Every structure is written in structure tokens, then in C-alpha cells.
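Encoded as C-alpha cells, the structure appears first; notes follow it.
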Amino acid sequence: MAFACDICSKKHQSGHNVSHANNKTKRTFNPNLQRVRAVVGGSTKRIRVCTRCLRSGKVKKAV
């Protein structure tokens, strides 16, 4: 089960698996979510954050 990023609310996207015979079956692309201790509103909380938000510095990690 995929959740959403707490910062940018990125969720799963749907698409197809495509075989060599060009058969298409449904699949989902899930965001790379990490559970991180971060400072939110002056207090420390555990939040789910995608790696794009972590890498771009949108999350202040708790020490």
C-alpha cells in the first residue's frame, strides 16, 4: 500500500507493464518514501517524505 509524501503530497501513479509481445497489464509506480524524524512546527515528528523533498532541502531533519 502506497502512501503520500507529507510535504508535496506525491502519490502513486498508474501505468502499464509492457511485455515483449506488447501485452499490457496494469501496474503502479510508487514514490520513494522514507520515514524521517523532522522538525515540524517547532516540534519533532515522524513523517513520510519522498526522496525528492529530502534531497532538495524542503525537510529540516531533527538531530
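Letters for chains follow the order of the C-alpha cells (A, B, ...), residue numbers begin at 1 for each chain, and ligand numbers begin at 1 in the order shown.
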
Which neighbours of region 26-31 of chain A fall inside 8 Å, counting only C-alpha atoms, when residues of the same chain fewer than 5 positions from it are skipped, and could you give them as JSON, numbers by chain?
{"A": [2, 4, 10, 11, 12, 13, 14, 15, 16, 17, 50]}

Keeping only C-alpha atoms, write the selected residues as a PDB file, in the first residue's frame.
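Written file, out.pdb:
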```
ATOM      1  CA  ALA A   2       1.437   3.335  -1.009  1.00  0.00           C
ATOM      2  CA  ALA A   4       1.592  10.095   0.057  1.00  0.00           C
ATOM      3  CA  LYS A  10       3.103  12.955  -4.162  1.00  0.00           C
ATOM      4  CA  LYS A  11       1.125   9.689  -4.539  1.00  0.00           C
ATOM      5  CA  HIS A  12       1.284   6.570  -6.665  1.00  0.00           C
ATOM      6  CA  GLN A  13       0.690   6.797 -10.405  1.00  0.00           C
ATOM      7  CA  SER A  14      -0.750   4.077 -12.599  1.00  0.00           C
ATOM      8  CA  GLY A  15       0.586   2.749 -15.869  1.00  0.00           C
ATOM      9  CA  HIS A  16       1.254  -0.469 -17.750  1.00  0.00           C
ATOM     10  CA  ASN A  17       3.736  -3.306 -17.713  1.00  0.00           C
ATOM     11  CA  CYS A  50       9.740  11.391  -0.697  1.00  0.00           C
TER      12      CYS A  50
END
```

When you look at Arg35 (chain A) with a cut-off of 10 Å (counting only C-alpha atoms), what residues show up, excluding the ones that are within fewer than 5 positions of it in the same chain? I need them as an MDAnalysis selection string.
chainID A and resid 5 46:50

Using C-alpha atoms, can you export the residues from the last selection as a PDB file, in the first residue's frame?
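Output file result_4.pdb follows:
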```pdb
ATOM      1  CA  CYS A   5       4.508  12.402   0.811  1.00  0.00           C
ATOM      2  CA  ARG A  46       7.986  11.222  12.287  1.00  0.00           C
ATOM      3  CA  ILE A  47       6.752  11.957   8.777  1.00  0.00           C
ATOM      4  CA  ARG A  48       6.774  10.165   5.436  1.00  0.00           C
ATOM      5  CA  VAL A  49       8.782  12.137   2.896  1.00  0.00           C
ATOM      6  CA  CYS A  50       9.740  11.391  -0.697  1.00  0.00           C
TER       7      CYS A  50
END
```

Report, in Å with one decimal, the straight-line distance from CA of Val36 (chain A) to CA of Ala62 (chain A).
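CA of Ala62 (chain A) lies 8.5 Å from CA of Val36 (chain A).
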